[in-house]
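Undergrad: Below you'll find model.csv; it's CSV, C-alpha atoms and all ligand atoms.
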chain,number,residue,atom,x,y,z
A,1272,MET,CA,-8.9,-19.0,22.9
A,1273,LEU,CA,-8.7,-22.8,23.4
A,1274,TYR,CA,-7.8,-24.8,20.5
A,1275,SER,CA,-6.8,-28.5,20.5
A,1276,SER,CA,-3.3,-29.5,19.6
A,1277,GLU,CA,-4.7,-31.2,16.5
A,1278,GLN,CA,-6.4,-27.9,15.4
A,1279,ILE,CA,-3.2,-26.0,15.9
A,1280,HIS,CA,-1.2,-28.6,14.1
A,1281,VAL,CA,-3.5,-28.4,11.0
A,1282,GLU,CA,-3.5,-24.6,11.0
A,1283,ALA,CA,0.3,-24.5,11.5
A,1284,HIS,CA,0.7,-26.7,8.4
A,1285,ARG,CA,-1.7,-24.5,6.4
A,1286,LEU,CA,0.4,-21.4,7.3
A,1287,TYR,CA,3.7,-23.2,6.7
A,1288,GLY,CA,2.5,-24.1,3.2
A,1289,LEU,CA,2.1,-20.4,2.5
A,1290,LEU,CA,5.1,-19.0,4.4
A,1291,ALA,CA,7.9,-21.6,4.0
A,1292,CYS,CA,9.7,-19.5,1.3
A,1293,VAL,CA,9.2,-16.2,3.0
A,1294,SER,CA,12.1,-14.4,4.9
A,1295,LYS,CA,11.5,-13.9,8.6
A,1296,ALA,CA,14.7,-12.0,9.1
A,1297,ARG,CA,17.7,-11.3,6.7
A,1298,GLU,CA,19.1,-14.8,6.9
A,1299,SER,CA,16.1,-17.0,8.0
A,1300,LYS,CA,12.8,-18.1,6.6
A,1301,TRP,CA,9.5,-18.8,8.4
A,1302,THR,CA,9.7,-22.3,10.1
A,1303,LEU,CA,6.9,-24.7,11.1
A,1304,ALA,CA,7.7,-23.8,14.8
A,1305,ASP,CA,7.0,-20.1,13.9
A,1306,CYS,CA,3.7,-21.1,12.3
A,1307,GLU,CA,2.8,-23.2,15.4
A,1308,GLN,CA,3.2,-20.1,17.6
A,1309,ILE,CA,0.9,-17.9,15.5
A,1310,ALA,CA,-1.7,-20.6,14.7
A,1311,PRO,CA,-3.9,-20.0,17.8
A,1312,TYR,CA,-4.1,-16.3,16.8
A,1313,THR,CA,-5.0,-16.9,13.2
A,1314,LEU,CA,-7.6,-19.5,14.2
A,1315,GLU,CA,-9.2,-17.1,16.6
A,1316,ILE,CA,-9.1,-14.1,14.2
A,1317,ASN,CA,-10.6,-16.2,11.4
A,1318,ARG,CA,-13.3,-17.5,13.7
A,1319,ILE,CA,-14.4,-14.1,15.0
A,1320,LYS,CA,-14.2,-12.6,11.6
A,1321,LYS,CA,-16.9,-15.1,10.4
A,1322,GLU,CA,-19.0,-14.5,13.5
A,1323,LYS,CA,-19.0,-10.7,13.0
A,1324,ASN,CA,-19.3,-10.8,9.2
A,1325,ALA,CA,-16.0,-8.9,9.0
A,1326,VAL,CA,-13.5,-8.7,6.1
A,1327,ILE,CA,-9.8,-8.1,6.6
A,1328,LEU,CA,-8.1,-6.0,4.0
A,1329,ALA,CA,-4.3,-6.1,4.3
A,1330,HIS,CA,-1.9,-3.9,2.4
A,1331,SER,CA,1.0,-5.9,0.9
A,1332,TYR,CA,3.4,-3.9,3.2
A,1333,THR,CA,2.0,-5.5,6.3
A,1334,THR,CA,3.6,-8.6,7.7
A,1335,PRO,CA,3.2,-12.1,6.1
A,1336,ASP,CA,1.4,-13.5,9.1
A,1337,LEU,CA,-1.4,-11.0,8.5
A,1338,VAL,CA,-1.2,-11.1,4.7
A,1339,TYR,CA,-1.4,-14.9,4.5
A,1340,GLY,CA,-2.8,-15.9,7.9
A,1341,VAL,CA,-6.0,-13.8,8.2
A,1342,ALA,CA,-6.4,-11.4,5.2
A,1343,ASP,CA,-9.4,-11.9,2.9
A,1344,PHE,CA,-7.8,-9.6,0.4
A,1345,ARG,CA,-4.3,-8.4,0.0
A,1346,GLY,CA,-3.0,-5.8,-2.4
A,1347,ASP,CA,-2.0,-2.3,-3.1
A,1348,SER,CA,-3.9,0.9,-2.2
A,1349,PHE,CA,-6.0,0.8,-5.4
A,1350,GLN,CA,-6.9,-2.8,-5.1
A,1351,LEU,CA,-7.9,-2.4,-1.5
A,1352,ALA,CA,-9.9,0.7,-2.2
A,1353,GLN,CA,-11.8,-1.3,-4.9
A,1354,GLN,CA,-12.4,-4.2,-2.4
A,1355,ALA,CA,-13.6,-1.7,0.3
A,1356,ARG,CA,-16.0,-0.2,-2.3
A,1357,GLN,CA,-17.6,-3.5,-3.1
A,1358,THR,CA,-17.6,-5.4,0.1
A,1359,GLN,CA,-20.8,-6.9,1.6
A,1360,ALA,CA,-19.2,-7.3,5.1
A,1361,ASP,CA,-20.6,-5.4,8.1
A,1362,VAL,CA,-17.1,-4.7,9.5
A,1363,ILE,CA,-13.9,-3.8,7.6
A,1364,VAL,CA,-10.6,-4.4,9.4
A,1365,PHE,CA,-8.0,-2.5,7.5
A,1366,ALA,CA,-4.5,-3.6,8.1
A,1367,GLY,CA,-2.6,-0.7,6.6
A,1368,VAL,CA,-2.1,3.0,7.5
A,1369,TRP,CA,-4.6,5.6,8.5
A,1370,PHE,CA,-5.3,7.2,5.1
A,1371,MET,CA,-6.1,3.8,3.7
A,1372,ALA,CA,-8.6,2.9,6.4
A,1373,GLU,CA,-10.0,6.4,6.2
A,1374,THR,CA,-10.6,5.9,2.4
A,1375,ALA,CA,-12.4,2.6,3.2
A,1376,LYS,CA,-14.6,4.5,5.7
A,1377,ILE,CA,-15.4,7.3,3.2
A,1378,LEU,CA,-16.5,4.6,0.7
A,1379,ASN,CA,-18.6,2.9,3.5
A,1380,PRO,CA,-19.9,5.5,5.8
A,1381,SER,CA,-22.4,3.2,7.4
A,1382,LYS,CA,-20.0,0.3,8.1
A,1383,LYS,CA,-17.7,-0.1,11.1
A,1384,VAL,CA,-14.1,0.4,9.9
A,1385,VAL,CA,-11.2,-0.4,12.3
A,1386,ILE,CA,-7.5,-0.2,11.9
A,1387,PRO,CA,-5.4,-2.4,14.2
A,1388,ALA,CA,-2.4,0.0,14.0
A,1389,GLY,CA,-4.5,2.9,15.3
A,1390,ARG,CA,-3.6,6.3,13.9
A,1391,ALA,CA,-0.6,4.9,11.9
A,1392,GLY,CA,0.7,7.8,9.8
A,1393,CYS,CA,2.5,8.1,6.5
A,1394,THR,CA,5.2,10.7,5.9
A,1395,LEU,CA,3.4,11.7,2.6
A,1396,ALA,CA,-0.1,12.0,4.0
A,1397,ASP,CA,1.3,13.9,7.0
A,1398,SER,CA,3.2,16.4,4.9
A,1399,MET,CA,0.3,18.4,3.7
A,1400,THR,CA,-2.8,20.2,5.1
A,1401,ALA,CA,-6.1,21.3,3.5
A,1402,GLN,CA,-4.9,24.9,3.9
A,1403,ASP,CA,-1.7,24.1,1.9
A,1404,VAL,CA,-3.9,22.9,-1.0
A,1405,GLN,CA,-6.2,25.9,-0.7
A,1406,ASN,CA,-3.2,28.2,-0.8
A,1407,LEU,CA,-1.9,26.5,-4.0
A,1408,ARG,CA,-5.3,26.7,-5.6
A,1409,ALA,CA,-5.5,30.4,-4.9
A,1410,GLN,CA,-2.1,30.9,-6.3
A,1411,TYR,CA,-2.9,28.9,-9.5
A,1412,PRO,CA,-6.6,29.6,-10.2
A,1413,GLY,CA,-8.3,27.4,-12.7
A,1414,VAL,CA,-5.4,24.8,-12.6
A,1415,PRO,CA,-6.8,21.3,-11.9
A,1416,ALA,CA,-5.5,19.5,-8.8
A,1417,LEU,CA,-4.7,15.9,-8.2
A,1418,CYS,CA,-3.8,14.3,-4.9
A,1419,TYR,CA,-2.1,11.0,-4.3
A,1420,ILE,CA,-4.3,8.7,-2.3
A,1421,ASN,CA,-1.5,8.9,0.4
A,1422,SER,CA,-3.2,12.0,1.7
A,1423,SER,CA,-5.8,13.0,4.4
A,1424,ALA,CA,-9.5,13.2,3.7
A,1425,GLU,CA,-9.1,17.0,4.2
A,1426,VAL,CA,-6.6,17.2,1.3
A,1427,LYS,CA,-8.7,14.9,-0.9
A,1428,ALA,CA,-11.7,17.1,-0.3
A,1429,GLN,CA,-9.7,20.1,-1.8
A,1430,CYS,CA,-8.7,18.2,-5.0
A,1431,ASP,CA,-10.5,17.4,-8.3
A,1432,ALA,CA,-9.4,13.7,-8.1
A,1433,CYS,CA,-7.1,11.4,-6.3
A,1434,VAL,CA,-4.8,8.9,-7.8
A,1435,THR,CA,-2.8,5.9,-6.8
A,1436,SER,CA,0.6,4.8,-7.9
A,1437,GLY,CA,-1.1,2.4,-10.4
A,1438,ASN,CA,-3.1,5.0,-12.3
A,1439,VAL,CA,-1.2,8.3,-11.6
A,1440,PHE,CA,0.4,8.7,-15.1
A,1441,ASP,CA,-2.8,7.9,-17.0
A,1442,ILE,CA,-5.0,10.2,-14.9
A,1443,ALA,CA,-2.4,13.0,-15.0
A,1444,GLN,CA,-2.4,12.7,-18.8
A,1445,LYS,CA,-6.2,12.9,-19.0
A,1446,MET,CA,-6.5,16.0,-16.9
A,1447,PRO,CA,-7.3,19.1,-19.0
A,1448,GLY,CA,-5.0,22.0,-19.6
A,1449,ASN,CA,-1.2,22.4,-19.7
A,1450,ARG,CA,-0.7,22.8,-16.0
A,1451,LEU,CA,-1.5,20.4,-13.1
A,1452,ILE,CA,-1.2,20.7,-9.4
A,1453,PHE,CA,0.0,17.5,-7.8
A,1454,VAL,CA,0.3,16.8,-4.0
A,1455,PRO,CA,1.8,15.6,-1.7
A,1456,ASP,CA,4.6,13.6,-3.3
A,1457,LEU,CA,7.4,15.8,-4.7
A,1458,LEU,CA,9.3,12.9,-6.2
A,1459,MET,CA,6.3,11.3,-7.8
A,1460,ALA,CA,5.5,14.8,-9.2
A,1461,GLN,CA,8.9,14.8,-10.9
A,1462,ASN,CA,8.3,11.3,-12.2
A,1463,ILE,CA,4.9,12.4,-13.6
A,1464,GLU,CA,6.5,15.2,-15.5
A,1465,ILE,CA,9.1,12.9,-17.0
A,1466,GLU,CA,6.6,10.2,-18.0
A,1467,LEU,CA,4.2,12.7,-19.6
A,1468,LYS,CA,7.1,14.2,-21.5
A,1469,ARG,CA,7.9,10.7,-22.7
A,1470,ARG,CA,4.3,10.4,-23.9
A,1471,GLY,CA,4.6,13.7,-25.8
A,1472,SER,CA,2.8,16.0,-23.4
A,1473,THR,CA,4.4,19.2,-22.1
A,1474,LYS,CA,2.2,19.5,-19.0
A,1475,GLU,CA,3.8,21.5,-16.2
A,1476,ILE,CA,3.4,19.9,-12.8
A,1477,ILE,CA,3.1,22.3,-9.9
A,1478,ALA,CA,4.0,20.2,-6.8
A,1479,CYS,CA,3.9,20.6,-3.1
A,1480,GLY,CA,4.4,18.2,-0.2
A,1481,GLY,CA,7.0,15.8,1.0
A,1482,SER,CA,8.3,12.3,0.2
A,1483,CYS,CA,7.9,8.7,1.4
A,1484,CYS,CA,10.5,8.0,4.1
A,1485,VAL,CA,11.0,4.5,2.7
A,1486,HIS,CA,11.3,5.1,-1.1
A,1487,ASP,CA,13.1,8.4,-0.9
A,1488,LYS,CA,16.2,6.6,0.6
A,1489,TYR,CA,17.2,4.8,-2.5
A,1490,ARG,CA,20.1,6.2,-4.5
A,1491,PRO,CA,21.5,5.5,-8.0
A,1492,GLU,CA,24.4,3.7,-6.3
A,1493,ASP,CA,21.9,1.1,-4.9
A,1494,VAL,CA,20.9,0.2,-8.5
A,1495,GLU,CA,24.5,0.2,-9.6
A,1496,LYS,CA,25.4,-2.1,-6.7
A,1497,LEU,CA,22.6,-4.5,-7.5
A,1498,ARG,CA,23.7,-4.7,-11.1
A,1499,ALA,CA,27.4,-5.1,-10.2
A,1500,ASP,CA,26.7,-7.9,-7.6
A,1501,HIS,CA,24.1,-9.7,-9.6
A,1502,PRO,CA,24.8,-9.6,-13.3
A,1503,GLY,CA,21.6,-9.8,-15.4
A,1504,ILE,CA,19.3,-8.8,-12.5
A,1505,ILE,CA,16.1,-7.0,-13.3
A,1506,VAL,CA,15.6,-4.0,-11.1
A,1507,LEU,CA,12.1,-2.7,-10.2
A,1508,ALA,CA,11.2,0.5,-8.3
A,1509,HIS,CA,8.1,2.3,-7.0
A,1510,PRO,CA,7.3,5.7,-8.5
A,1511,GLU,CA,7.8,7.3,-5.0
A,1512,CYS,CA,11.6,6.8,-5.6
A,1513,ALA,CA,13.6,9.7,-7.0
A,1514,PRO,CA,13.7,10.1,-10.8
A,1515,GLU,CA,17.5,9.6,-10.9
A,1516,VAL,CA,16.9,6.2,-9.3
A,1517,CYS,CA,13.8,5.3,-11.5
A,1518,ARG,CA,15.8,6.3,-14.6
A,1519,LEU,CA,18.2,3.4,-14.0
A,1520,CYS,CA,15.6,0.7,-13.3
A,1521,ASP,CA,14.1,-1.8,-15.7
A,1522,TYR,CA,10.5,-1.1,-14.5
A,1523,VAL,CA,8.9,1.5,-12.4
A,1524,GLY,CA,5.4,0.9,-11.1
A,1525,SER,CA,2.9,0.4,-8.3
A,1526,THR,CA,3.0,-2.5,-5.9
A,1527,LYS,CA,0.6,-4.4,-8.1
A,1528,GLY,CA,2.5,-3.3,-11.2
A,1529,MET,CA,5.7,-4.7,-9.8
A,1530,ALA,CA,4.0,-8.0,-8.8
A,1531,ASP,CA,2.5,-8.3,-12.3
A,1532,TYR,CA,5.8,-7.6,-13.9
A,1533,VAL,CA,7.5,-10.4,-11.9
A,1534,ALA,CA,4.6,-12.8,-12.6
A,1535,CYS,CA,4.9,-12.2,-16.4
A,1536,SER,CA,8.7,-12.1,-16.6
A,1537,SER,CA,10.8,-15.2,-17.5
A,1538,ALA,CA,13.7,-13.7,-15.5
A,1539,LYS,CA,14.8,-15.5,-12.3
A,1540,GLN,CA,16.4,-12.7,-10.3
A,1541,PHE,CA,14.9,-9.4,-9.3
A,1542,GLY,CA,16.2,-6.4,-7.3
A,1543,LEU,CA,13.4,-4.6,-5.5
A,1544,LEU,CA,13.6,-1.0,-4.5
A,1545,THR,CA,10.5,-1.0,-2.4
A,1546,GLU,CA,9.1,-2.0,1.0
A,1547,LEU,CA,9.9,-5.4,2.5
A,1548,GLY,CA,6.3,-6.6,2.5
A,1549,LEU,CA,6.2,-6.8,-1.3
A,1550,VAL,CA,9.5,-8.7,-1.2
A,1551,ASN,CA,7.8,-11.2,1.2
A,1552,ARG,CA,4.7,-11.5,-1.0
A,1553,LEU,CA,6.8,-12.2,-4.1
A,1554,GLU,CA,8.9,-14.8,-2.2
A,1555,ALA,CA,5.7,-16.5,-1.2
A,1556,GLU,CA,4.1,-16.4,-4.6
A,1557,HIS,CA,7.2,-17.1,-6.8
A,1558,PRO,CA,9.4,-19.7,-4.9
A,1559,ASP,CA,11.3,-20.4,-8.2
A,1560,LYS,CA,12.6,-16.8,-8.3
A,1561,THR,CA,15.1,-14.9,-6.2
A,1562,PHE,CA,14.5,-11.4,-4.8
A,1563,ILE,CA,17.3,-9.1,-3.7
A,1564,TRP,CA,16.2,-6.3,-1.4
A,1565,PRO,CA,18.8,-3.7,-0.3
A,1566,PHE,CA,16.6,-2.2,2.6
A,1567,GLY,CA,13.4,-0.3,3.2
A,1568,VAL,CA,10.8,-1.0,5.9
A,1569,CYS,CA,7.7,1.1,6.6
A,1570,SER,CA,7.4,1.3,10.4
A,1571,TYR,CA,3.9,2.6,10.1
A,1572,MET,CA,2.6,-0.4,8.2
A,1573,LYS,CA,4.4,-2.7,10.6
A,1574,LYS,CA,2.4,-1.4,13.5
A,1575,ASN,CA,-0.3,-3.9,12.5
A,1576,ASN,CA,0.1,-7.3,14.0
A,1577,LEU,CA,-2.0,-10.4,14.9
A,1578,LEU,CA,-2.5,-9.3,18.5
A,1579,ASN,CA,-3.8,-5.8,17.7
A,1580,THR,CA,-5.9,-7.2,14.8
A,1581,LEU,CA,-7.6,-9.7,17.2
A,1582,GLN,CA,-8.1,-6.9,19.8
A,1583,ALA,CA,-9.4,-4.4,17.2
A,1584,LEU,CA,-11.9,-7.1,15.9
A,1585,VAL,CA,-13.2,-7.9,19.4
A,1586,SER,CA,-13.2,-4.4,21.1
A,1587,PRO,CA,-11.5,-1.6,19.2
A,1588,ARG,CA,-10.0,1.3,21.1
A,1589,PRO,CA,-11.3,4.7,20.1
A,1590,ASP,CA,-8.1,5.4,18.1
A,1591,GLN,CA,-8.7,2.2,16.1
A,1592,LEU,CA,-12.2,3.1,15.1
A,1593,VAL,CA,-12.2,5.2,11.9
A,1594,GLU,CA,-14.8,8.0,11.8
A,1595,VAL,CA,-15.0,10.8,9.2
A,1596,GLU,CA,-17.3,13.8,9.6
A,1597,GLU,CA,-20.1,13.6,7.0
A,1598,GLU,CA,-19.5,16.8,5.1
A,1599,LEU,CA,-15.8,16.1,4.8
A,1600,SER,CA,-16.5,12.5,3.9
A,1601,LEU,CA,-18.8,13.5,1.0
A,1602,ALA,CA,-16.3,16.0,-0.4
A,1603,ALA,CA,-13.4,13.5,-0.2
A,1604,LYS,CA,-15.5,10.8,-1.7
A,1605,LYS,CA,-16.0,12.9,-4.9
A,1606,SER,CA,-12.3,12.9,-5.4
A,1607,ILE,CA,-12.0,9.2,-4.8
A,1608,GLU,CA,-15.0,8.4,-7.1
A,1609,LYS,CA,-13.4,10.6,-9.8
A,1610,MET,CA,-10.3,8.4,-9.6
A,1611,PHE,CA,-12.4,5.3,-10.2
A,1612,GLU,CA,-14.2,7.0,-13.1
A,1613,LEU,CA,-10.9,8.2,-14.7
A,1614,SER,CA,-9.1,4.9,-14.2
A,1615,LYS,CA,-11.6,2.9,-16.3
B,1701,LIG,P1,0.7,1.4,-3.5
B,1701,LIG,O1,-0.3,2.3,-4.2
B,1701,LIG,O2,1.7,0.8,-4.5
B,1701,LIG,O3,0.0,0.4,-2.7
B,1701,LIG,O4,1.6,2.3,-2.6
B,1701,LIG,C1,1.2,2.7,-1.4
B,1701,LIG,C2,2.3,3.2,-0.6
B,1701,LIG,O5,2.1,3.6,0.5
B,1701,LIG,C3,3.6,3.0,-1.2
B,1701,LIG,O6,4.5,3.5,-0.3
B,1702,LIG,FE1,3.6,6.2,3.5
B,1702,LIG,FE2,6.0,5.5,2.6
B,1702,LIG,FE3,4.9,4.0,4.5
B,1702,LIG,FE4,3.8,4.0,2.0
B,1702,LIG,S1,5.8,3.2,2.6
B,1702,LIG,S2,2.7,4.2,3.9
B,1702,LIG,S3,4.2,6.2,1.4
B,1702,LIG,S4,5.6,6.1,4.7
Show the structure stored in the file as structure tokens.
Ligand code: 13P
Ligand code: SF4
TA:
Amino acid sequence: MLYSSEQIHVEAHRLYGLLACVSKARESKWTLADCEQIAPYTLEINRIKKEKNAVILAHSYTTPDLVYGVADFRGDSFQLAQQARQTQADVIVFAGVWFMAETAKILNPSKKVVIPAGRAGCTLADSMTAQDVQNLRAQYPGVPALCYINSSAEVKAQCDACVTSGNVFDIAQKMPGNRLIFVPDLLMAQNIEIELKRRGSTKEIIACGGSCCVHDKYRPEDVEKLRADHPGIIVLAHPECAPEVCRLCDYVGSTKGMADYVACSSAKQFGLLTELGLVNRLEAEHPDKTFIWPFGVCSYMKKNNLLNTLQALVSPRPDQLVEVEEELSLAAKKSIEKMFELSK
């Protein structure tokens, strides 16, 4: 990895152009010196990426050096699943958590899919097994079942369709009958029931699972404090937050939904009840706006970094190579493809 000081200088300035407005810690922003430090790595990753015809997909919750330094596509789980579905690359490097990389593999069984973070979990995906879904389905025969994309291939394989935070309400509304099984996010299940009621549907949601360890921490007092400290602030939240929090916010939506809301809004100050990575993306993309973020970091997403991305690209460890057994993959793919069909 030998680059001239001129190459590093040019790359550092490219990175600084993207990261100058992005927070590095609570009180500091990315500096040119920070960018000079990471430049040899981004140069090398981008070089090898071309050599191997690889594509890097980075979830917005990963760190800004990945998101802006090496990612070909950045976005939320739905956008990245769409990218994975249509890529022509031979290798997919998925900077995200395991269930996302697993989804990319299910959509591309013949491609090499690697995840720099290795088997990075997710408290939602890890809260539920295939047996749990089988038990629910036996208890409620004939009731359709949806799973959030934050679930294992085994859970997806047991459900009629999967959903993401961006299409969950519309797909839930489209499902037949007046009862619906939804796993594995108990808080999102409550939000679905409330949203469907608002839309005039009385569908009962039968829920099972857990919660997101980042979004379940927000409390109504966090919204009240944002409003008290920053009069006129617009508060946005992810639908993995508790309904009593969502109820107090100006907008509740997916990672992309929140980004679109900020892009279309004339407001200048936003409170964000979501993961730090989205805050950093909005800082980079809207330098004229201010973002107040109380707290919330996904330690699983932050397991991806430039070093393990480089290493996974060059010679992945077994735990970074995503494999899904064929029969399971085909069954899980049905539920993912159903989501694409229903979200048209
Ligand atoms: P998005 O669907 O908004 O990307 O959310 C994924 C996630 O893990 C949120 O915590
Ligand atoms: Fe899972 Fe929450 Fe992390 Fe998203 S933020 S990957 S839901 S633990």
Undergrad: Once you count all atoms listed in the file, what closest atom pair and distance in Å to one decimal does each residue of chain A within 7 Å of ligand LIG 1701 (chain B) have, with rows by chain and rising residue number, as JSON lines?
TA:
{"residue": "A:His1330", "atom": "CA", "partner": "B:LIG1701", "partner_atom": "O3", "distance": 6.9}
{"residue": "A:Gly1346", "atom": "CA", "partner": "B:LIG1701", "partner_atom": "O3", "distance": 6.9}
{"residue": "A:Asp1347", "atom": "CA", "partner": "B:LIG1701", "partner_atom": "O3", "distance": 3.4}
{"residue": "A:Ser1348", "atom": "CA", "partner": "B:LIG1701", "partner_atom": "O3", "distance": 4.0}
{"residue": "A:Phe1349", "atom": "CA", "partner": "B:LIG1701", "partner_atom": "O1", "distance": 6.0}
{"residue": "A:Asn1421", "atom": "CA", "partner": "B:LIG1701", "partner_atom": "O5", "distance": 6.4}
{"residue": "A:Thr1435", "atom": "CA", "partner": "B:LIG1701", "partner_atom": "O1", "distance": 5.1}
{"residue": "A:Ser1436", "atom": "CA", "partner": "B:LIG1701", "partner_atom": "O1", "distance": 4.6}
{"residue": "A:Gly1437", "atom": "CA", "partner": "B:LIG1701", "partner_atom": "O1", "distance": 6.3}
{"residue": "A:Cys1483", "atom": "CA", "partner": "B:LIG1701", "partner_atom": "O6", "distance": 6.4}
{"residue": "A:Glu1511", "atom": "CA", "partner": "B:LIG1701", "partner_atom": "O6", "distance": 6.9}
{"residue": "A:Ser1525", "atom": "CA", "partner": "B:LIG1701", "partner_atom": "O2", "distance": 4.0}
{"residue": "A:Thr1526", "atom": "CA", "partner": "B:LIG1701", "partner_atom": "O2", "distance": 3.8}
{"residue": "A:Lys1527", "atom": "CA", "partner": "B:LIG1701", "partner_atom": "O2", "distance": 6.4}
Undergrad: So which residues are near ligand LIG 1702 (chain B), meaning at most 9 Å away with only C-alpha atoms and all ligand atoms counted, given back as a PDB file with C-alpha atoms, in the coordinates of the input?
TA:
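The resulting selection.pdb:
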ATOM      1  CA  TYR A1332       3.400  -3.900   3.200  1.00  0.00           C
ATOM      2  CA  GLY A1367      -2.600  -0.700   6.600  1.00  0.00           C
ATOM      3  CA  VAL A1368      -2.100   3.000   7.500  1.00  0.00           C
ATOM      4  CA  TRP A1369      -4.600   5.600   8.500  1.00  0.00           C
ATOM      5  CA  PHE A1370      -5.300   7.200   5.100  1.00  0.00           C
ATOM      6  CA  MET A1371      -6.100   3.800   3.700  1.00  0.00           C
ATOM      7  CA  ALA A1391      -0.600   4.900  11.900  1.00  0.00           C
ATOM      8  CA  GLY A1392       0.700   7.800   9.800  1.00  0.00           C
ATOM      9  CA  CYS A1393       2.500   8.100   6.500  1.00  0.00           C
ATOM     10  CA  THR A1394       5.200  10.700   5.900  1.00  0.00           C
ATOM     11  CA  LEU A1395       3.400  11.700   2.600  1.00  0.00           C
ATOM     12  CA  ALA A1396      -0.100  12.000   4.000  1.00  0.00           C
ATOM     13  CA  ASP A1397       1.300  13.900   7.000  1.00  0.00           C
ATOM     14  CA  ASN A1421      -1.500   8.900   0.400  1.00  0.00           C
ATOM     15  CA  ASP A1456       4.600  13.600  -3.300  1.00  0.00           C
ATOM     16  CA  SER A1482       8.300  12.300   0.200  1.00  0.00           C
ATOM     17  CA  CYS A1483       7.900   8.700   1.400  1.00  0.00           C
ATOM     18  CA  CYS A1484      10.500   8.000   4.100  1.00  0.00           C
ATOM     19  CA  VAL A1485      11.000   4.500   2.700  1.00  0.00           C
ATOM     20  CA  HIS A1486      11.300   5.100  -1.100  1.00  0.00           C
ATOM     21  CA  ASP A1487      13.100   8.400  -0.900  1.00  0.00           C
ATOM     22  CA  GLU A1511       7.800   7.300  -5.000  1.00  0.00           C
ATOM     23  CA  THR A1545      10.500  -1.000  -2.400  1.00  0.00           C
ATOM     24  CA  GLU A1546       9.100  -2.000   1.000  1.00  0.00           C
ATOM     25  CA  GLY A1567      13.400  -0.300   3.200  1.00  0.00           C
ATOM     26  CA  VAL A1568      10.800  -1.000   5.900  1.00  0.00           C
ATOM     27  CA  CYS A1569       7.700   1.100   6.600  1.00  0.00           C
ATOM     28  CA  SER A1570       7.400   1.300  10.400  1.00  0.00           C
ATOM     29  CA  TYR A1571       3.900   2.600  10.100  1.00  0.00           C
ATOM     30  CA  MET A1572       2.600  -0.400   8.200  1.00  0.00           C
TER      31      MET A1572
END
Undergrad: Report, in Å with one decimal, the straight-line distance from atom CA of Gly1503 of chain A to atom CA of Arg1469 of chain A.
TA: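 About the pair atom CA of Gly1503 of chain A and atom CA of Arg1469 of chain A: they are 25.7 Å apart.
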Undergrad: Select from segment 1303-1413 of chain A every residue with an atom at most 9 Å from any atom of segment 1587-1609 of chain A, then for each give the shortest pair of atoms and their distance in Å to one decimal, using all atoms listed in the file, rows by chain and rising number, as a tab-separated table.
TA:
residue	atom	partner	partner_atom	distance
A:Trp1369	CA	A:Val1593	CA	8.3
A:Ala1372	CA	A:Val1593	CA	7.0
A:Glu1373	CA	A:Val1593	CA	6.2
A:Thr1374	CA	A:Ile1607	CA	8.0
A:Lys1376	CA	A:Val1593	CA	6.7
A:Ile1377	CA	A:Ser1600	CA	5.4
A:Leu1378	CA	A:Lys1604	CA	6.7
A:Pro1380	CA	A:Val1595	CA	8.0
A:Lys1383	CA	A:Leu1592	CA	7.5
A:Val1384	CA	A:Val1593	CA	5.5
A:Val1385	CA	A:Leu1592	CA	4.6
A:Ile1386	CA	A:Gln1591	CA	5.0
A:Pro1387	CA	A:Gln1591	CA	6.0
A:Ala1388	CA	A:Gln1591	CA	7.0
A:Gly1389	CA	A:Gln1591	CA	4.3
A:Arg1390	CA	A:Asp1590	CA	6.2
Undergrad: Which value, in Å to one decimal, gives the distance between atom CA of Cys1535 of chain A and atom CA of Ala1296 of chain A?
TA: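 Between atom CA of Cys1535 of chain A and atom CA of Ala1296 of chain A the gap is 27.3 Å.
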Undergrad: I'd like the contact shell of Val1506 of chain A - 6 Å cut-off, all atoms listed in the file, skipping same-chain residues fewer than 2 positions apart - returned as a ChimeraX atom specification.
TA: /A:1520-1521,1541-1542
Undergrad: Please, what distance in Å, to one decimal, runs between atom CA of Tyr1532 of chain A and atom CA of Ala1508 of chain A?
TA: 11.2 Å
Undergrad: Choose the residue, out of A:Ser1294, A:Ala1310, A:Asn1406, A:Leu1289, that has the smallest atom-to-atom separation from Tyr1274 of chain A; count only C-alpha atoms.
TA: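 Counting only C-alpha atoms, the residue closest to Tyr1274 of chain A is A:Ala1310.
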Undergrad: Give the answer as one residue: which of A:Gly1528, A:Gly1340, A:Gly1481, A:Gly1288 has the shortest atom-to-atom distance to Ile1309 of chain A, using all atoms listed in the file?
TA: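 Under the stated criterion, the closest residue is A:Gly1340.
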Undergrad: Of the candidates A:Arg1356, A:Arg1490, A:Arg1518, A:Arg1552, which shows the shortest atom-to-atom distance to Phe1611 of chain A, using only C-alpha atoms?
TA: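 Ranking A:Arg1356, A:Arg1490, A:Arg1518, A:Arg1552 by distance to Phe1611 of chain A, first place goes to A:Arg1356.
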Undergrad: Show which residues sit within 9 Å of Tyr1339 of chain A, as number ranges by chain. Count all atoms listed in the file, and ignore same-chain residues fewer than 3 positions away.
TA: A: 1286, 1289-1290, 1334-1336, 1342-1343, 1345, 1552
Undergrad: Using all atoms listed in the file, pick whichever of A:Ile1465, A:Leu1553, A:Ala1304, A:Ile1504 has the shortest atom-to-atom distance to Cys1517 of chain A.
TA: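 Ranking A:Ile1465, A:Leu1553, A:Ala1304, A:Ile1504 by distance to Cys1517 of chain A, first place goes to A:Ile1465.
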Undergrad: Counting only C-alpha atoms, what is within 12 Å of Glu1475 of chain A, bar same-chain residues fewer than 6 positions away, as a ChimeraX atom specification?
TA: /A:1414-1415,1443-1444,1446-1453,1460-1468
Undergrad: Return the single residue from A:Val1494, A:Arg1318, A:Met1610, A:Thr1313 that is closest to Ala1352 of chain A, with distances computed using all atoms listed in the file.
TA: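 Looking only at the distances to Ala1352 of chain A, the closest residue turns out to be A:Met1610.
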